[in-house]
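Trainee: Shown below is the structure under consideration.
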Amino acid sequence: MSDRFFSNPHADYDEKVHGADQHQLVPRASIVELIKNYVGIIQSHTNIKMRKDIYVGIAGIAFMFWKLSLSSETRDMYPCLELATKYIGEAKRQTLRKKQSSKEYVAFLCGDSGIAAVSAVISHDLKNITDMENDVKMFLKGYPACSSTSGYDADEVLVGRAGFLHGAYWLNQTIASKPIKNEMITTIAQVLMNRGRRIAAALQIAAPLMYEYNEKTYLGAAHGICAILHALLESPWFERDANGKFCVPTSDLSDIKSTIDYILTLQSNNGNFPTRLDSNRMLVHWCHGCAGAIYLFAKAFLTFKEEKYLQCCRRCSDTIWRQGLLRKGPGICHGVAGNGYAFLLMYRLTGEKCYLYRAAKFAEFLNSTLFAEQLLAPDRAYSLYEGLAGTVCFLVDLLDPLNSSFPFMDVFGKKYN
């Protein structure tokens, strides 16, 4: 047995055995009870000292309650938006206690732009328009550093430009007025292109674009190129004009697609990706490996309609089914729920019931005796990305799989309004 994952105890999907009805595949009553159990645990422990951010802080708890407010099966369990307001208010108070740097303003998952975005969406849903507009202004404090090619060196998702872009897309998906202008988004996208070309040339690699975080060429979703390329594909460049052509400049289109195809060549025979360009290490996490890379290739398939990208996603999914029941806990960054989200993505992408079945089985494993000792194993056991708050979001999405999405990474451009 691996020291990284549990052997999957479940047989794979067989329609003759497991049926084809969505409600038959997803045990709704037990999922709802699991949500109640986890939210109760989270609420009883949120008086402990937490960071302020989305990733492992109090803002992530606010996001969870906002997520609960979206589901007809969970919104009446709690005063969801009231609790979301309480937790995001505490995150904002922590922000005001110290002087902020450009890093804090830019960082989405680990800084102030994420706190501002979550606050804006909660204010929007409560119809507090003035508060929402002020929150958007706070989010945009990160724009000056993002739109400059120098002076700020982070491009990835946790603290860099790509994370800021994913936050901008989420705001435009969830707020009807679409408060982040396309011109701002494409300016940041062009900065990412210029920086990626410069780094790729300096490293003398075959791909036109490459990025570094702490002088390491990570490939995955957390610190690596997959989420950066995904952010570029989500940009207004890839909207189609009246003639059905992309709006992206020809040279940028060529470099983005060539880089995606280069990353595709790095997929191993077993369906995974190395953590870094200069490493053979393989992990089955959202942050590093195929469980995060799958979002890039799903978006590439939707964008370019090329079968090779869908086949890549299928190989990723098969690897996650075999090796995705992680011993690191239930979270979405490097845990069981994060890997379960990949199956919900594949279900939306293909409509094939086997992927919904796989997602439901990962949820079932969360409640197993075998996994019980790992439930609170992470350092931040109640948080959005490492712990139970993200797990709750996965379970809520399992109740409505055709509208599911990994937090802040909806490749389908879902509209909540």
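Labels used: A, B, ... for chains in the order of the structure tokens, numbers from 1 for residues in each chain, and numbers from 1 for ligands as shown.
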If you run DSSP on this backbone, which residues of range 183-405 of chain A come out as strand (DSSP E or B), and could you give them as a list in words?
Mentor: Tyr213, Lys216, Tyr218, Arg240, Phe246, Pro274, Arg276, Met282, Val284, Gly289 and Leu326 of chain A
Trainee: At a cut-off of 12 Å, using only C-alpha atoms, what residues contact Val248 in chain A? Leave out same-chain residues fewer than 6 positions from it and give the result as a ChimeraX atom specification.
Mentor: /A:186,189-190,193,232-241,254-257
Trainee: Write a file of the selected residues as a compact mmCIF listing (two decimals), in the first residue's frame, keeping all heavy atoms.
Mentor:
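After the write, part-v3.txt holds the following:
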```txt
# COMPACT_ATOMS: atom_id res chain seq x y z
N THR A 186 -7.23 41.85 -20.36
CA THR A 186 -6.32 41.61 -21.48
C THR A 186 -4.97 42.28 -21.26
O THR A 186 -3.94 41.78 -21.75
CB THR A 186 -6.94 42.06 -22.81
OG1 THR A 186 -7.34 43.43 -22.71
CG2 THR A 186 -8.14 41.20 -23.16
N ALA A 189 -3.20 39.80 -19.16
CA ALA A 189 -2.88 38.64 -20.02
C ALA A 189 -1.65 38.92 -20.88
O ALA A 189 -0.78 38.06 -21.05
CB ALA A 189 -4.08 38.29 -20.90
N GLN A 190 -1.55 40.14 -21.40
CA GLN A 190 -0.39 40.48 -22.23
C GLN A 190 0.89 40.54 -21.40
O GLN A 190 1.96 40.13 -21.86
CB GLN A 190 -0.60 41.81 -22.93
CG GLN A 190 0.39 42.07 -24.06
CD GLN A 190 0.31 41.02 -25.15
OE1 GLN A 190 -0.69 40.94 -25.85
NE2 GLN A 190 1.35 40.21 -25.31
N MET A 193 1.98 37.03 -21.01
CA MET A 193 2.62 36.56 -22.24
C MET A 193 4.07 37.04 -22.32
O MET A 193 4.99 36.25 -22.59
CB MET A 193 1.85 37.07 -23.46
CG MET A 193 0.46 36.50 -23.62
SD MET A 193 0.41 34.72 -23.87
CE MET A 193 1.34 34.56 -25.39
N LEU A 232 -5.19 32.35 -19.15
CA LEU A 232 -5.11 32.98 -20.47
C LEU A 232 -6.27 32.51 -21.36
O LEU A 232 -6.86 33.31 -22.10
CB LEU A 232 -3.76 32.67 -21.12
CG LEU A 232 -2.55 33.32 -20.45
CD1 LEU A 232 -1.25 32.77 -21.03
CD2 LEU A 232 -2.59 34.85 -20.59
N LEU A 233 -6.60 31.22 -21.32
CA LEU A 233 -7.70 30.70 -22.13
C LEU A 233 -9.05 31.27 -21.71
O LEU A 233 -9.99 31.33 -22.52
CB LEU A 233 -7.74 29.18 -22.05
CG LEU A 233 -6.62 28.40 -22.74
CD1 LEU A 233 -6.84 26.89 -22.56
CD2 LEU A 233 -6.54 28.74 -24.22
N GLU A 234 -9.18 31.67 -20.45
CA GLU A 234 -10.44 32.25 -19.96
C GLU A 234 -10.60 33.70 -20.36
O GLU A 234 -11.68 34.28 -20.20
CB GLU A 234 -10.50 32.15 -18.43
CG GLU A 234 -10.60 30.74 -17.87
CD GLU A 234 -11.98 30.15 -17.96
OE1 GLU A 234 -12.89 30.83 -18.49
OE2 GLU A 234 -12.16 29.01 -17.52
N SER A 235 -9.56 34.31 -20.90
CA SER A 235 -9.58 35.75 -21.16
C SER A 235 -10.49 36.10 -22.33
O SER A 235 -10.86 35.23 -23.15
CB SER A 235 -8.16 36.23 -21.47
OG SER A 235 -7.77 35.84 -22.78
N PRO A 236 -10.87 37.38 -22.46
CA PRO A 236 -11.69 37.83 -23.60
C PRO A 236 -11.03 37.58 -24.95
O PRO A 236 -11.71 37.61 -25.98
CB PRO A 236 -11.86 39.33 -23.34
CG PRO A 236 -11.66 39.50 -21.88
CD PRO A 236 -10.65 38.47 -21.49
N TRP A 237 -9.73 37.32 -24.96
CA TRP A 237 -9.04 36.97 -26.21
C TRP A 237 -9.70 35.77 -26.89
O TRP A 237 -9.64 35.63 -28.10
CB TRP A 237 -7.59 36.61 -25.92
CG TRP A 237 -6.66 37.76 -25.81
CD1 TRP A 237 -6.88 39.05 -26.17
CD2 TRP A 237 -5.31 37.71 -25.29
NE1 TRP A 237 -5.76 39.81 -25.92
CE2 TRP A 237 -4.79 39.02 -25.38
CE3 TRP A 237 -4.52 36.70 -24.76
CZ2 TRP A 237 -3.50 39.33 -24.96
CZ3 TRP A 237 -3.23 37.01 -24.35
CH2 TRP A 237 -2.73 38.31 -24.45
N PHE A 238 -10.27 34.86 -26.08
CA PHE A 238 -10.80 33.62 -26.63
C PHE A 238 -12.31 33.66 -26.81
O PHE A 238 -12.95 32.62 -26.98
CB PHE A 238 -10.34 32.43 -25.80
CG PHE A 238 -8.88 32.13 -26.03
CD1 PHE A 238 -7.90 32.71 -25.23
CD2 PHE A 238 -8.48 31.33 -27.08
CE1 PHE A 238 -6.56 32.47 -25.46
CE2 PHE A 238 -7.14 31.09 -27.33
CZ PHE A 238 -6.17 31.66 -26.52
N GLU A 239 -12.87 34.86 -26.78
CA GLU A 239 -14.23 35.04 -27.27
C GLU A 239 -14.16 35.12 -28.80
O GLU A 239 -13.14 35.54 -29.36
CB GLU A 239 -14.83 36.33 -26.69
CG GLU A 239 -15.02 36.26 -25.18
CD GLU A 239 -15.47 37.58 -24.59
OE1 GLU A 239 -15.64 38.55 -25.37
OE2 GLU A 239 -15.62 37.66 -23.36
N ARG A 240 -15.20 34.74 -29.46
CA ARG A 240 -15.19 34.73 -30.93
C ARG A 240 -15.87 35.97 -31.49
O ARG A 240 -16.87 36.44 -30.95
CB ARG A 240 -15.87 33.46 -31.46
CG ARG A 240 -15.10 32.19 -31.08
CD ARG A 240 -15.72 30.95 -31.69
NE ARG A 240 -15.04 29.73 -31.25
CZ ARG A 240 -13.99 29.20 -31.86
NH1 ARG A 240 -13.50 29.78 -32.95
NH2 ARG A 240 -13.44 28.09 -31.39
N ASP A 241 -15.31 36.48 -32.57
CA ASP A 241 -15.87 37.66 -33.22
C ASP A 241 -17.03 37.26 -34.15
O ASP A 241 -17.45 36.09 -34.17
CB ASP A 241 -14.79 38.45 -33.96
CG ASP A 241 -14.15 37.64 -35.11
OD1 ASP A 241 -14.76 36.65 -35.58
OD2 ASP A 241 -13.04 38.01 -35.54
N SER A 254 -0.68 31.41 -31.12
CA SER A 254 0.29 30.39 -31.47
C SER A 254 1.12 29.98 -30.26
O SER A 254 1.34 28.79 -30.01
CB SER A 254 1.20 30.90 -32.59
OG SER A 254 2.22 29.96 -32.86
N ASP A 255 1.58 30.96 -29.48
CA ASP A 255 2.43 30.66 -28.33
C ASP A 255 1.67 29.96 -27.21
O ASP A 255 2.19 29.04 -26.57
CB ASP A 255 3.08 31.94 -27.80
CG ASP A 255 4.21 32.43 -28.69
OD1 ASP A 255 4.55 31.73 -29.67
OD2 ASP A 255 4.76 33.51 -28.42
N ILE A 256 0.42 30.37 -27.00
CA ILE A 256 -0.39 29.71 -25.96
C ILE A 256 -0.65 28.26 -26.35
O ILE A 256 -0.43 27.34 -25.54
CB ILE A 256 -1.71 30.47 -25.74
CG1 ILE A 256 -1.45 31.83 -25.09
CG2 ILE A 256 -2.67 29.64 -24.87
CD1 ILE A 256 -2.65 32.76 -25.10
N LYS A 257 -1.12 28.04 -27.56
CA LYS A 257 -1.46 26.67 -27.96
C LYS A 257 -0.22 25.79 -28.05
O LYS A 257 -0.25 24.60 -27.65
CB LYS A 257 -2.20 26.66 -29.30
CG LYS A 257 -2.82 25.30 -29.61
CD LYS A 257 -3.72 25.34 -30.81
CE LYS A 257 -4.45 24.01 -30.96
NZ LYS A 257 -3.54 22.86 -31.04
```
Trainee: Residues of range 136-310 of chain A classed as alpha helix (DSSP H) by DSSP on the backbone are to be reported as a VMD selection string.
Mentor: chain A and resid 136 to 139 143 to 146 161 to 174 182 to 203 225 to 233 250 to 264 290 to 304 307 to 310
Trainee: Taking only C-alpha atoms into account, name the residue in A:Ile35, A:Ala116, A:Gly151, A:Asp76 that is nearest to Asn134 in chain A.
Mentor: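 That would be A:Ala116, the residue with the smallest distance to Asn134 in chain A.
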Trainee: Might you pull out every residue within 10 Å of range 196-209 of chain A, with only C-alpha atoms counted and same-chain residues fewer than 6 positions away left off, and present them as a PyMOL selection string?
Mentor: chain A and resi 155+190+217+225+228-229+252+254-263+277
Trainee: Please, could you write that set of residues out with all heavy atoms as a compact mmCIF listing (two decimals), in the first residue's frame?
Mentor:
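Output contents, as saved in out-v5.txt:
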```txt
# COMPACT_ATOMS: atom_id res chain seq x y z
N ASP A 155 3.56 35.11 -10.86
CA ASP A 155 2.57 34.95 -11.93
C ASP A 155 1.54 33.85 -11.64
O ASP A 155 0.57 33.72 -12.37
CB ASP A 155 3.28 34.63 -13.25
CG ASP A 155 4.18 35.76 -13.71
OD1 ASP A 155 3.71 36.91 -13.73
OD2 ASP A 155 5.36 35.50 -14.01
N GLN A 190 -1.55 40.14 -21.40
CA GLN A 190 -0.39 40.48 -22.23
C GLN A 190 0.89 40.54 -21.40
O GLN A 190 1.96 40.13 -21.86
CB GLN A 190 -0.60 41.81 -22.93
CG GLN A 190 0.39 42.07 -24.06
CD GLN A 190 0.31 41.02 -25.15
OE1 GLN A 190 -0.69 40.94 -25.85
NE2 GLN A 190 1.35 40.21 -25.31
N THR A 217 10.45 25.78 -11.96
CA THR A 217 9.48 25.72 -13.06
C THR A 217 8.38 24.70 -12.74
O THR A 217 8.35 23.60 -13.27
CB THR A 217 10.18 25.34 -14.38
OG1 THR A 217 10.98 24.16 -14.15
CG2 THR A 217 11.06 26.46 -14.87
N ILE A 225 2.44 26.37 -14.36
CA ILE A 225 2.02 26.90 -15.65
C ILE A 225 0.61 26.47 -16.05
O ILE A 225 -0.07 27.18 -16.80
CB ILE A 225 3.04 26.49 -16.74
CG1 ILE A 225 2.80 27.29 -18.03
CG2 ILE A 225 3.01 24.97 -16.98
CD1 ILE A 225 3.89 27.09 -19.06
N ILE A 228 -1.84 29.06 -15.07
CA ILE A 228 -1.55 30.31 -15.79
C ILE A 228 -2.11 30.24 -17.21
O ILE A 228 -2.78 31.15 -17.69
CB ILE A 228 -0.05 30.61 -15.79
CG1 ILE A 228 0.46 30.79 -14.34
CG2 ILE A 228 0.26 31.84 -16.62
CD1 ILE A 228 1.97 30.88 -14.22
N LEU A 229 -1.84 29.12 -17.89
CA LEU A 229 -2.39 28.93 -19.23
C LEU A 229 -3.91 28.90 -19.21
O LEU A 229 -4.58 29.44 -20.09
CB LEU A 229 -1.84 27.66 -19.85
CG LEU A 229 -0.34 27.68 -20.19
CD1 LEU A 229 0.14 26.27 -20.53
CD2 LEU A 229 -0.06 28.63 -21.35
N ASP A 252 0.12 35.52 -30.13
CA ASP A 252 -0.22 35.06 -28.78
C ASP A 252 -0.95 33.72 -28.83
O ASP A 252 -0.69 32.82 -28.04
CB ASP A 252 -1.09 36.11 -28.07
CG ASP A 252 -0.32 37.38 -27.76
OD1 ASP A 252 0.91 37.32 -27.64
OD2 ASP A 252 -0.96 38.44 -27.66
N SER A 254 -0.68 31.41 -31.12
CA SER A 254 0.29 30.39 -31.47
C SER A 254 1.12 29.98 -30.26
O SER A 254 1.34 28.79 -30.01
CB SER A 254 1.20 30.90 -32.59
OG SER A 254 2.22 29.96 -32.86
N ASP A 255 1.58 30.96 -29.48
CA ASP A 255 2.43 30.66 -28.33
C ASP A 255 1.67 29.96 -27.21
O ASP A 255 2.19 29.04 -26.57
CB ASP A 255 3.08 31.94 -27.80
CG ASP A 255 4.21 32.43 -28.69
OD1 ASP A 255 4.55 31.73 -29.67
OD2 ASP A 255 4.76 33.51 -28.42
N ILE A 256 0.42 30.37 -27.00
CA ILE A 256 -0.39 29.71 -25.96
C ILE A 256 -0.65 28.26 -26.35
O ILE A 256 -0.43 27.34 -25.54
CB ILE A 256 -1.71 30.47 -25.74
CG1 ILE A 256 -1.45 31.83 -25.09
CG2 ILE A 256 -2.67 29.64 -24.87
CD1 ILE A 256 -2.65 32.76 -25.10
N LYS A 257 -1.12 28.04 -27.56
CA LYS A 257 -1.46 26.67 -27.96
C LYS A 257 -0.22 25.79 -28.05
O LYS A 257 -0.25 24.60 -27.65
CB LYS A 257 -2.20 26.66 -29.30
CG LYS A 257 -2.82 25.30 -29.61
CD LYS A 257 -3.72 25.34 -30.81
CE LYS A 257 -4.45 24.01 -30.96
NZ LYS A 257 -3.54 22.86 -31.04
N SER A 258 0.89 26.32 -28.55
CA SER A 258 2.12 25.53 -28.63
C SER A 258 2.60 25.13 -27.25
O SER A 258 3.12 24.02 -27.05
CB SER A 258 3.21 26.32 -29.35
OG SER A 258 2.86 26.54 -30.71
N THR A 259 2.43 26.02 -26.28
CA THR A 259 2.85 25.70 -24.92
C THR A 259 1.95 24.64 -24.31
O THR A 259 2.42 23.71 -23.63
CB THR A 259 2.86 26.97 -24.05
OG1 THR A 259 3.73 27.94 -24.64
CG2 THR A 259 3.36 26.65 -22.64
N ILE A 260 0.64 24.75 -24.54
CA ILE A 260 -0.28 23.71 -24.06
C ILE A 260 0.10 22.36 -24.66
O ILE A 260 0.15 21.33 -23.96
CB ILE A 260 -1.74 24.07 -24.41
CG1 ILE A 260 -2.18 25.31 -23.63
CG2 ILE A 260 -2.67 22.89 -24.12
CD1 ILE A 260 -3.53 25.87 -24.06
N ASP A 261 0.40 22.33 -25.95
CA ASP A 261 0.77 21.08 -26.60
C ASP A 261 2.11 20.55 -26.07
O ASP A 261 2.30 19.33 -25.97
CB ASP A 261 0.84 21.28 -28.11
CG ASP A 261 -0.53 21.46 -28.74
OD1 ASP A 261 -1.53 21.10 -28.10
OD2 ASP A 261 -0.60 21.98 -29.88
N TYR A 262 3.00 21.45 -25.71
CA TYR A 262 4.27 21.03 -25.10
C TYR A 262 4.02 20.38 -23.74
O TYR A 262 4.57 19.31 -23.44
CB TYR A 262 5.20 22.23 -24.94
CG TYR A 262 6.46 21.93 -24.17
CD1 TYR A 262 7.52 21.24 -24.76
CD2 TYR A 262 6.59 22.32 -22.84
CE1 TYR A 262 8.68 20.95 -24.04
CE2 TYR A 262 7.73 22.04 -22.12
CZ TYR A 262 8.77 21.36 -22.72
OH TYR A 262 9.92 21.08 -22.00
N ILE A 263 3.17 21.00 -22.91
CA ILE A 263 2.84 20.40 -21.60
C ILE A 263 2.18 19.05 -21.80
O ILE A 263 2.44 18.10 -21.05
CB ILE A 263 1.93 21.34 -20.80
CG1 ILE A 263 2.59 22.71 -20.57
CG2 ILE A 263 1.55 20.71 -19.46
CD1 ILE A 263 3.90 22.67 -19.83
N LEU A 277 9.29 21.05 -14.27
CA LEU A 277 9.88 20.76 -15.57
C LEU A 277 11.16 19.95 -15.43
O LEU A 277 11.46 19.11 -16.28
CB LEU A 277 10.17 22.08 -16.29
CG LEU A 277 10.45 22.01 -17.79
CD1 LEU A 277 9.26 21.44 -18.53
CD2 LEU A 277 10.78 23.42 -18.31
```
Trainee: Nearest to Glu82 in chain A among A:Leu126, A:Leu266, A:Cys290, A:Cys354, with distances taken over only C-alpha atoms: which residue is it?
Mentor: A:Leu126
Trainee: Pick from A:Ala117, A:Tyr152, A:Leu253, A:Ala59: nearest to Lys137 in chain A, with only C-alpha atoms counted?
Mentor: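 Of A:Ala117, A:Tyr152, A:Leu253, A:Ala59, the one nearest Lys137 in chain A, counting only C-alpha atoms, is A:Ala117.
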Trainee: Taking only C-alpha atoms into account, which of A:Ala360, A:Ile88, A:Val26, A:Leu398 comes nearest Ile115 in chain A?
Mentor: A:Ile88
Trainee: Considering only C-alpha atoms, return as a PDB file with C-alpha atoms, in the first residue's frame whatever protein or nucleic-acid residues lie within 12 Å of Asn280 in chain A, sequence-local ones (same chain, fewer than 6 positions apart) excluded.
Mentor:
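File produced: result_11.pdb:
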```pdb
ATOM      1  CA  TYR A 218       6.358  24.228 -11.501  1.00  0.00           C
ATOM      2  CA  LEU A 219       3.824  22.672 -13.858  1.00  0.00           C
ATOM      3  CA  LEU A 266       4.926  15.626 -20.586  1.00  0.00           C
ATOM      4  CA  GLN A 267       1.990  13.424 -19.601  1.00  0.00           C
ATOM      5  CA  SER A 268       3.361  10.073 -18.488  1.00  0.00           C
ATOM      6  CA  ASN A 272       0.135  11.933 -14.616  1.00  0.00           C
ATOM      7  CA  PHE A 273       2.380  14.992 -14.933  1.00  0.00           C
ATOM      8  CA  PRO A 274       5.645  15.821 -13.156  1.00  0.00           C
ATOM      9  CA  GLY A 289      -0.108  16.715 -10.849  1.00  0.00           C
TER      10      GLY A 289
END
```
Trainee: Which residues are close to Ala120 in chain A, i.e. within 7 Å by only C-alpha atoms, leaving aside same-chain residues fewer than 2 positions away? Reply as a count of residues only.
Mentor: 9
